[in-house]
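K.L.:
Hey, dropping protein19.cif in here, mmCIF, C-alpha atoms:
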data_my_file
loop_
_atom_site.label_atom_id
_atom_site.label_comp_id
_atom_site.auth_asym_id
_atom_site.auth_seq_id
_atom_site.Cartn_x
_atom_site.Cartn_y
_atom_site.Cartn_z
CA MET A 269 16.77 78.37 -17.21
CA ARG A 270 13.32 77.68 -18.44
CA LYS A 271 10.53 78.36 -15.97
CA ARG A 272 7.92 75.77 -15.14
CA ASN A 273 4.35 76.70 -15.70
CA LEU A 274 1.94 76.77 -12.75
CA ARG A 275 0.62 73.24 -13.17
CA GLY A 276 4.12 71.72 -13.29
CA LEU A 277 3.43 70.09 -16.61
CA VAL A 278 6.63 71.29 -18.20
CA MET A 279 10.07 70.08 -17.17
CA THR A 280 13.56 70.39 -18.49
CA ARG A 281 15.10 67.57 -20.49
CA ARG A 282 17.53 66.92 -17.64
CA GLU A 283 14.69 66.58 -15.13
CA PHE A 284 12.84 64.28 -17.45
CA ILE A 285 15.86 61.99 -17.89
CA ARG A 286 16.48 61.91 -14.13
CA LYS A 287 12.88 60.90 -13.46
CA LEU A 288 13.02 58.33 -16.22
CA ILE A 289 16.15 56.74 -14.72
CA LYS A 290 14.64 56.76 -11.22
CA GLY A 291 11.38 55.20 -12.41
CA SER A 292 13.14 52.55 -14.51
CA SER A 293 15.45 51.63 -11.61
CA ALA A 294 12.48 51.21 -9.27
CA ILE A 295 10.68 48.97 -11.78
CA LEU A 296 13.85 46.91 -12.36
CA VAL A 297 14.50 46.42 -8.64
CA GLY A 298 10.85 45.46 -8.08
CA THR A 299 10.88 43.00 -10.96
CA LEU A 300 14.11 41.39 -9.76
CA TRP A 301 12.66 41.04 -6.24
CA LEU A 302 9.52 39.44 -7.62
CA VAL A 303 11.51 37.00 -9.80
CA LYS A 304 13.67 36.04 -6.81
CA LYS A 305 10.62 35.44 -4.66
CA ALA A 306 8.74 33.52 -7.32
CA SER A 307 11.58 31.24 -8.41
CA PRO A 308 12.02 28.03 -6.38
CA ARG A 309 14.85 28.11 -3.85
CA ARG A 310 17.68 25.74 -4.51
CA PHE A 311 17.75 22.61 -2.43
CA VAL A 312 20.62 22.53 0.06
CA ARG A 313 21.65 19.28 1.73
CA ALA A 314 21.24 19.05 5.47
CA LEU A 315 24.44 18.42 7.38
CA ARG A 316 24.82 15.38 9.58
CA VAL A 317 25.19 15.36 13.37
CA LYS A 318 27.89 13.47 15.22
CA LYS A 319 25.69 12.10 17.96
CA TYR A 320 22.31 10.42 17.63
CA PRO A 321 19.80 12.09 19.93
CA GLY A 322 18.09 8.78 20.84
CA HIS A 323 19.38 5.49 22.18
CA LEU A 324 22.15 3.71 20.32
CA LYS A 325 22.34 -0.06 20.02
CA SER A 326 24.75 -2.32 18.23
CA LEU A 327 23.94 -3.28 14.66
CA LYS A 328 23.24 -6.90 15.58
CA ASP A 329 20.39 -5.70 17.82
CA ILE A 330 18.51 -4.20 14.89
CA TRP A 331 19.74 -6.64 12.21
CA LYS A 332 16.60 -8.75 12.25
CA GLU A 333 13.39 -9.43 10.41
CA ALA A 334 11.34 -6.26 10.41
CA LYS A 335 7.77 -6.30 11.58
CA TRP A 336 7.18 -3.23 9.42
CA SER A 337 5.06 -3.01 6.33
CA GLY A 338 6.80 -2.20 3.03
CA MET B 110 18.19 32.52 12.53
CA LYS B 111 15.37 30.52 10.94
CA VAL B 112 16.19 28.07 8.15
CA GLN B 113 13.91 26.83 5.42
CA CYS B 114 14.04 23.19 4.41
CA GLU B 115 13.49 22.80 0.67
CA LEU B 116 13.41 19.02 0.59
CA CYS B 117 9.66 18.47 0.45
CA PRO B 118 6.66 20.58 -0.52
CA LYS B 119 6.02 21.46 3.13
CA SER B 120 8.98 23.87 2.94
CA CYS B 121 9.19 24.03 6.74
CA LEU B 122 10.52 27.31 8.12
CA ILE B 123 12.36 26.02 11.15
CA GLU B 124 13.13 28.03 14.28
CA PRO B 125 16.51 27.50 16.00
CA GLY B 126 16.44 24.34 18.07
CA GLN B 127 13.26 23.12 16.38
CA SER B 128 12.65 20.42 13.78
CA GLY B 129 10.58 20.33 10.63
CA GLU B 130 7.36 18.33 10.37
CA CYS B 131 9.39 15.20 9.71
CA ARG B 132 10.98 15.50 13.18
CA VAL B 133 14.44 14.61 11.88
CA ARG B 134 15.61 17.75 10.08
CA ILE B 135 16.63 20.28 12.68
CA ASN B 136 17.85 23.87 12.82
CA ILE B 137 21.01 23.89 14.93
CA ASP B 138 22.55 27.35 15.21
CA GLY B 139 21.07 28.45 11.91
CA VAL B 140 22.25 25.35 10.01
CA LEU B 141 19.89 22.66 8.73
CA ARG B 142 20.98 19.28 10.03
CA THR B 143 19.69 15.72 9.69
CA VAL B 144 19.86 13.76 12.93
CA VAL B 145 19.26 10.36 11.31
CA TYR B 146 22.17 10.29 8.84
CA GLY B 147 23.90 6.95 9.40
CA PHE B 148 21.49 5.92 12.14
CA PRO B 149 18.91 3.40 10.84
CA CYS B 150 16.31 2.19 13.32
CA SER B 151 15.66 -0.95 11.28
CA VAL B 152 17.89 -3.11 9.08
CA SER B 153 16.11 -6.17 7.77
CA PRO B 154 18.13 -8.84 5.97
CA TYR B 155 15.26 -11.18 5.13
CA ASP B 156 12.67 -9.21 3.13
CA PRO B 157 11.71 -10.60 -0.28
CA VAL B 158 11.54 -7.89 -2.93
CA GLU B 159 7.87 -8.85 -3.41
CA LYS B 160 7.12 -7.41 0.06
CA LYS B 161 7.97 -3.84 -1.05
CA PRO B 162 5.86 -4.60 -3.19
CA LEU B 163 7.87 -4.90 -6.40
CA PHE B 164 6.67 -7.68 -8.71
CA HIS B 165 8.62 -6.68 -11.81
CA PHE B 166 12.07 -6.26 -10.29
CA LEU B 167 14.41 -9.22 -9.72
CA PRO B 168 11.60 -11.54 -8.61
CA GLY B 169 12.37 -14.04 -5.90
CA THR B 170 15.41 -12.15 -4.55
CA LYS B 171 16.06 -10.96 -1.00
CA ILE B 172 16.59 -7.24 -0.50
CA LEU B 173 18.47 -5.57 2.33
CA SER B 174 15.93 -3.12 3.77
CA ILE B 175 16.70 -0.10 5.92
CA ALA B 176 14.82 2.77 7.53
CA THR B 177 15.31 5.59 9.97
CA VAL B 178 12.60 7.14 12.14
CA GLY B 179 10.47 10.05 10.91
CA CYS B 180 8.11 10.92 8.06
CA ASN B 181 6.98 14.09 6.35
CA LEU B 182 3.40 12.82 6.12
CA HIS B 183 1.19 11.91 9.06
CA CYS B 184 -1.25 9.40 7.61
CA LYS B 185 -3.96 8.50 10.10
CA ASN B 186 -3.83 4.91 8.85
CA CYS B 187 -0.03 4.50 8.94
CA GLN B 188 0.92 0.84 9.34
CA ASN B 189 4.40 1.73 10.64
CA TRP B 190 3.49 4.67 12.84
CA GLU B 191 5.66 3.45 15.73
CA ILE B 192 8.74 4.47 13.72
CA SER B 193 7.34 6.92 11.17
CA GLN B 194 5.78 9.17 13.82
CA ALA B 195 8.49 8.67 16.46
CA ASN B 196 10.76 11.39 17.78
CA PRO B 197 14.43 10.55 17.27
CA GLU B 198 15.05 11.37 20.96
CA GLU B 199 12.76 8.52 21.99
CA SER B 200 13.95 6.01 19.41
CA THR B 201 16.63 3.36 19.15
CA ALA B 202 19.07 3.14 16.25
CA ALA B 203 22.43 1.69 15.30
CA TYR B 204 25.39 3.44 13.75
CA LEU B 205 25.70 2.32 10.14
CA PRO B 206 27.42 4.82 7.83
CA PRO B 207 26.93 4.39 4.07
CA GLU B 208 30.30 2.69 3.57
CA SER B 209 29.44 0.04 6.18
CA LEU B 210 25.96 -0.54 4.76
CA VAL B 211 27.31 -1.13 1.26
CA GLN B 212 30.09 -3.32 2.66
CA LEU B 213 27.47 -5.41 4.49
CA ALA B 214 25.39 -5.72 1.33
CA LYS B 215 28.45 -6.88 -0.59
CA GLU B 216 29.50 -9.39 2.06
CA HIS B 217 26.01 -10.93 2.12
CA HIS B 218 25.71 -10.89 -1.70
CA TYR B 219 22.60 -8.73 -1.90
CA GLN B 220 21.66 -7.59 -5.38
CA SER B 221 19.74 -4.59 -4.07
CA ILE B 222 19.09 -2.33 -1.09
CA ALA B 223 15.63 -0.95 -0.21
CA TYR B 224 15.14 2.40 1.53
CA THR B 225 11.74 1.74 3.02
CA TYR B 226 9.36 1.31 6.02
CA THR B 227 9.15 5.04 6.85
CA ASP B 228 10.07 7.27 3.90
CA PRO B 229 13.51 7.63 2.31
CA VAL B 230 12.58 11.21 1.48
CA ILE B 231 13.19 12.30 5.07
CA PHE B 232 16.50 10.50 5.37
CA TYR B 233 17.40 11.91 1.98
CA GLU B 234 21.12 12.59 2.44
CA TYR B 235 21.70 9.14 3.93
CA THR B 236 19.73 7.48 1.12
CA TYR B 237 21.57 9.52 -1.51
CA ASP B 238 25.05 8.71 -0.22
CA CYS B 239 24.25 5.02 0.29
CA ALA B 240 22.68 4.77 -3.16
CA LYS B 241 25.67 6.40 -4.81
CA LEU B 242 28.12 4.03 -3.12
CA ALA B 243 25.89 1.02 -3.79
CA ARG B 244 25.66 1.90 -7.49
CA ASP B 245 29.46 2.05 -7.66
CA ALA B 246 29.59 -1.39 -6.02
CA GLY B 247 27.14 -2.85 -8.55
CA ILE B 248 24.25 -3.05 -6.09
CA ARG B 249 20.83 -1.78 -7.14
CA ASN B 250 18.76 0.73 -5.17
CA VAL B 251 15.04 0.62 -4.45
CA LEU B 252 12.86 3.32 -2.93
CA VAL B 253 9.55 2.65 -1.22
CA THR B 254 8.08 6.09 -0.83
CA ALA B 255 5.02 8.30 -0.73
CA GLY B 256 6.75 10.52 -3.29
CA TYR B 257 6.19 13.70 -1.29
CA ILE B 258 9.33 15.52 -2.35
CA ASN B 259 10.36 18.59 -4.32
CA GLN B 260 11.46 18.11 -7.89
CA GLU B 261 15.09 19.24 -7.58
CA PRO B 262 16.17 16.81 -4.84
CA TRP B 263 13.98 14.10 -6.40
CA LYS B 264 15.70 14.33 -9.78
CA ARG B 265 19.12 14.26 -8.10
CA LEU B 266 18.24 11.14 -6.12
CA LEU B 267 16.67 9.32 -9.07
CA GLU B 268 20.06 9.28 -10.83
CA TYR B 269 21.07 6.49 -8.43
CA VAL B 270 17.74 4.67 -8.14
CA ASP B 271 16.87 1.53 -10.11
CA ALA B 272 13.31 0.90 -8.96
CA ALA B 273 10.65 2.58 -6.86
CA ASN B 274 7.32 1.67 -5.44
CA ILE B 275 5.49 4.94 -5.05
CA ASP B 276 2.24 5.30 -3.14
CA LEU B 277 -0.58 7.08 -4.87
CA LYS B 278 -2.74 7.16 -1.77
CA PHE B 279 -5.74 9.01 -3.20
CA ILE B 280 -6.73 10.70 -6.41
CA SER B 281 -8.29 13.51 -4.36
CA ASP B 282 -6.39 16.47 -2.95
CA ASP B 283 -8.96 16.83 -0.15
CA LEU B 284 -8.32 13.27 1.05
CA TYR B 285 -4.55 13.78 0.90
CA ARG B 286 -4.98 16.84 3.14
CA GLU B 287 -7.49 15.24 5.49
CA VAL B 288 -5.87 11.82 5.97
CA CYS B 289 -2.16 12.42 5.33
CA SER B 290 -1.54 16.15 5.85
CA GLY B 291 -0.14 16.26 2.33
CA THR B 292 -1.27 17.27 -1.14
CA LEU B 293 -1.85 15.34 -4.34
CA LYS B 294 0.00 17.35 -6.99
CA PRO B 295 3.60 16.87 -5.77
CA VAL B 296 3.02 13.10 -5.63
CA GLN B 297 1.70 13.05 -9.18
CA GLU B 298 4.69 15.10 -10.32
CA ALA B 299 7.10 12.75 -8.52
CA LEU B 300 5.48 9.76 -10.24
CA VAL B 301 5.69 11.33 -13.69
CA THR B 302 9.32 12.39 -13.15
CA ALA B 303 10.36 8.95 -11.92
CA LYS B 304 8.66 7.26 -14.85
CA ALA B 305 10.32 9.64 -17.30
CA THR B 306 13.74 8.52 -16.06
CA ASN B 307 15.13 5.00 -16.27
CA VAL B 308 13.61 4.03 -12.93
CA LEU B 309 11.27 1.04 -12.84
CA VAL B 310 8.09 2.37 -11.25
CA GLU B 311 5.34 0.39 -9.56
CA VAL B 312 2.38 2.14 -7.94
CA THR B 313 0.56 1.20 -4.76
CA ASN B 314 -2.88 2.32 -3.69
CA LEU B 315 -4.18 1.33 -0.27
CA ILE B 316 -7.93 0.89 -0.47
CA ILE B 317 -9.60 2.18 2.69
CA PRO B 318 -13.28 1.30 3.17
CA THR B 319 -15.61 4.35 2.85
CA LEU B 320 -12.72 6.67 1.88
CA ASN B 321 -11.42 5.57 -1.52
CA ASP B 322 -13.18 2.28 -2.28
CA LYS B 323 -15.85 3.55 -4.65
CA PRO B 324 -15.59 2.18 -8.21
CA GLU B 325 -15.55 5.69 -9.70
CA GLN B 326 -12.59 6.68 -7.45
CA ILE B 327 -10.69 3.54 -8.40
CA GLY B 328 -11.50 4.11 -12.08
CA GLU B 329 -10.28 7.72 -11.91
CA LEU B 330 -7.03 6.65 -10.26
CA ALA B 331 -6.41 3.87 -12.80
CA ARG B 332 -7.14 6.27 -15.66
CA TRP B 333 -4.63 8.76 -14.26
CA VAL B 334 -1.97 6.05 -14.04
CA LYS B 335 -2.71 4.83 -17.57
CA THR B 336 -2.66 8.35 -19.05
CA ASN B 337 0.37 9.69 -17.20
CA LEU B 338 2.55 6.65 -16.52
CA GLY B 339 1.37 4.24 -19.18
CA GLY B 340 -0.51 0.94 -19.23
CA GLU B 341 2.69 -1.05 -18.59
CA THR B 342 3.04 0.40 -15.07
CA PRO B 343 2.38 -2.32 -12.46
CA MET B 344 -0.41 -1.30 -10.08
CA HIS B 345 -0.90 -2.76 -6.60
CA PHE B 346 -4.17 -2.42 -4.70
CA SER B 347 -3.41 -3.05 -1.09
CA ARG B 348 -5.63 -4.19 1.75
CA PHE B 349 -6.20 -1.73 4.60
CA PHE B 350 -6.01 -2.84 8.21
CA PRO B 351 -7.26 -0.61 11.05
CA ARG B 352 -4.17 0.97 12.63
CA TYR B 353 -2.94 4.10 14.41
CA LYS B 354 -5.65 6.79 14.31
CA MET B 355 -7.95 4.90 11.96
CA ARG B 356 -9.15 1.98 14.00
CA ASN B 357 -12.81 2.69 13.42
CA LEU B 358 -12.87 1.27 9.89
CA PRO B 359 -12.97 -2.42 8.93
CA PRO B 360 -10.28 -4.15 6.86
CA THR B 361 -10.82 -4.01 3.11
CA SER B 362 -12.79 -6.98 1.81
CA LEU B 363 -11.44 -9.35 -0.83
CA LYS B 364 -14.45 -8.47 -2.98
CA THR B 365 -13.54 -4.78 -3.01
CA LEU B 366 -9.95 -5.60 -3.95
CA ASP B 367 -11.10 -7.92 -6.73
CA THR B 368 -13.41 -5.19 -8.03
CA ALA B 369 -10.53 -2.69 -7.99
CA HIS B 370 -8.39 -5.20 -9.90
CA ASP B 371 -11.07 -5.64 -12.57
CA ILE B 372 -11.67 -1.90 -12.91
CA ALA B 373 -7.96 -1.16 -13.38
CA ILE B 374 -7.66 -3.91 -16.00
CA SER B 375 -10.70 -2.56 -17.84
CA GLU B 376 -9.12 0.93 -17.78
CA GLY B 377 -6.14 -0.44 -19.68
CA LEU B 378 -3.52 -1.28 -17.05
CA ASN B 379 -1.68 -4.45 -18.00
CA TYR B 380 -0.31 -5.60 -14.64
CA VAL B 381 -2.66 -5.24 -11.69
CA TYR B 382 -2.16 -6.95 -8.34
CA ILE B 383 -3.86 -7.11 -4.99
CA GLY B 384 -1.80 -7.21 -1.83
CA ASN B 385 -1.82 -7.66 1.96
CA ILE B 386 -4.18 -10.57 1.38
CA LEU B 387 -3.90 -14.10 0.05
CA SER B 388 -5.63 -14.43 -3.27
CA LYS B 389 -5.73 -17.22 -5.79
CA GLU B 390 -4.84 -15.14 -8.81
CA GLY B 391 -4.43 -11.56 -7.58
CA GLN B 392 -0.67 -11.83 -7.26
CA ASN B 393 0.00 -13.56 -10.59
CA THR B 394 1.51 -11.90 -13.65
CA TYR B 395 -0.19 -12.65 -16.96
CA CYS B 396 0.91 -11.77 -20.48
CA PRO B 397 -1.13 -8.77 -21.65
CA GLU B 398 -0.99 -10.15 -25.19
CA CYS B 399 -1.81 -13.87 -25.03
CA LYS B 400 -3.11 -13.86 -21.40
CA LYS B 401 -0.94 -16.84 -20.45
CA LEU B 402 0.37 -17.17 -16.90
CA LEU B 403 3.92 -15.80 -16.60
CA ILE B 404 4.69 -15.65 -12.88
CA GLU B 405 2.65 -17.53 -10.32
CA ARG B 406 2.85 -16.19 -6.78
CA SER B 407 1.33 -17.03 -3.45
CA GLY B 408 1.79 -14.03 -1.22
CA TYR B 409 5.47 -13.14 -1.52
CA THR B 410 6.50 -16.59 -2.72
CA ILE B 411 7.23 -17.32 -6.37
CA LEU B 412 5.68 -20.66 -7.29
CA GLN B 413 6.78 -20.53 -10.92
CA ASN B 414 8.43 -18.03 -13.22
CA ARG B 415 7.96 -18.81 -16.90
CA LEU B 416 9.54 -15.65 -18.29
CA LYS B 417 12.29 -16.15 -20.86
CA GLU B 418 14.73 -13.24 -20.91
CA GLY B 419 11.99 -10.83 -19.89
CA ARG B 420 9.56 -12.10 -22.53
CA CYS B 421 6.45 -14.22 -22.62
CA PRO B 422 7.50 -17.79 -23.59
CA GLU B 423 4.34 -18.20 -25.72
CA CYS B 424 4.05 -15.01 -27.79
CA GLU B 425 7.46 -13.44 -26.98
CA ARG B 426 5.90 -10.15 -25.90
CA GLU B 427 8.35 -8.06 -23.88
CA ILE B 428 7.27 -7.70 -20.24
CA TYR B 429 8.02 -4.46 -18.40
CA GLY B 430 10.56 -5.02 -15.64
CA VAL B 431 14.08 -5.81 -14.52
CA TRP B 432 14.34 -9.60 -14.71
#
Give the structure from the file, written as structure tokens.
P.N.:
Amino acid sequence: MRKRNLRGLVMTRREFIRKLIKGSSAILVGTLWLVKKASPRRFVRALRVKKYPGHLKSLKDIWKEAKWSG
Amino acid sequence: MKVQCELCPKSCLIEPGQSGECRVRINIDGVLRTVVYGFPCSVSPYDPVEKKPLFHFLPGTKILSIATVGCNLHCKNCQNWEISQANPEESTAAYLPPESLVQLAKEHHYQSIAYTYTDPVIFYEYTYDCAKLARDAGIRNVLVTAGYINQEPWKRLLEYVDAANIDLKFISDDLYREVCSGTLKPVQEALVTAKATNVLVEVTNLIIPTLNDKPEQIGELARWVKTNLGGETPMHFSRFFPRYKMRNLPPTSLKTLDTAHDIAISEGLNYVYIGNILSKEGQNTYCPECKKLLIERSGYTILQNRLKEGRCPECEREIYGVW
């Protein structure tokens, strides 16, 4: 096995490949996270409720000329 | 678990048991729900289409108009604040599922349904389902909206919409933030998207004294409409009345509205109207080519309609609209 020099500037081919894979994976994961965050979330329909939380009237009570603008 | 509503640009992150800014989209047990689906607070059978205002869409017809409570904007000058800023818990509504609404429209021979008064954006799912059924039944759909909506749901909804009156309240982002708690860009994008589809688009701008009544502001707005939506887009300048949290300002004068009309015409818009006020000529449609009177109106009433198959009877120029 080849010895490293004192400054750690030399590494085996296997070590180099391992570091390369680790570094690339980290960059890939980071990029995917950024893309996910940056891309707009898909719109999801809201579900309906069975019961109206306010007061309910019959249709004929609100079937009338509106005083509202628009 | 919190849920995020992606309907409008506010993108509310909603805590369990809480609602978004619109008050009607609620997180129940980690699921986003709409409490107004099928529960309109107003159903008006008598509105003329001109009241929306739409002047280039089936003139002289009645339009079945519905609304639920709630709004995603909080305009200090809101004319309908009693329903737009109401909590559903304190409101009154009737049960009217989409099938029943369309059935009613058919029985009463309406040509179109308007989703209006508050903002159809916040009762999106109800509007969408009604519009889809109405389209299948041969009934047209009209939106009256501030256009504060994200692009994805907007494009989906527009597939079933025939006409829209979209508010362009200000041409300044600061004023949108200050007066309406909104922003300008999403509204501009909604306008451009709607115009790019087959939807008939008319634009309304409420002129509020001291806020957006300066000639340069009106000119900038008209230029934006001309450049981005085209000169054929009908433009309505509407009169402000002091309401809700803006009671300190006077109503807009007829002179200011007339000036706005003239500025917009000089900027190249072909159909410019003034509204919320009786005016001798401000509600009439003229041919952009030969300048002859095409449709004479007094308020919401059609006095005469001289159009022939959507064209000027004098020079035969095609007039933008659904006639």
K.L.:
Find the distance between atom CA of Gln413 of chain B and atom CA of Glu341 of chain B and write it in Å to one decimal.
P.N.:
21.3 Å
K.L.:
If you measure from atom CA of Val253 of chain B to atom CA of Leu210 of chain B, what distance in Å do you get, rounded to one decimal?
P.N.:
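Atom CA of Leu210 of chain B lies at a distance of 17.8 Å from atom CA of Val253 of chain B.
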K.L.:
Within 8 Å of chain A, which residues of chain B show up when using only C-alpha atoms, listed as a VMD selection string?
P.N.:
chain B and resid 114 to 116 134 140 to 146 148 150 to 156 160 to 162 188 to 189 197 to 205 225 to 226 234 253 261 to 262
K.L.:
With all atoms listed in the file as the atoms that count, which of B:Arg348, B:Lys294, B:His218, B:Arg244 lies nearest to Tyr257 of chain B?
P.N.:
B:Lys294
K.L.:
To one decimal place, how far is atom CA of Ala195 of chain B from atom CA of Asn181 of chain B in Å?
P.N.:
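A separation of 11.6 Å between them.
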K.L.:
Run the PyMOL selection byres ((chain B and resi 319) around 12) on the file and write out the hits as a ChimeraX atom specification.
P.N.:
/B:284,316-318,320-324,326,349,355,357-362,365
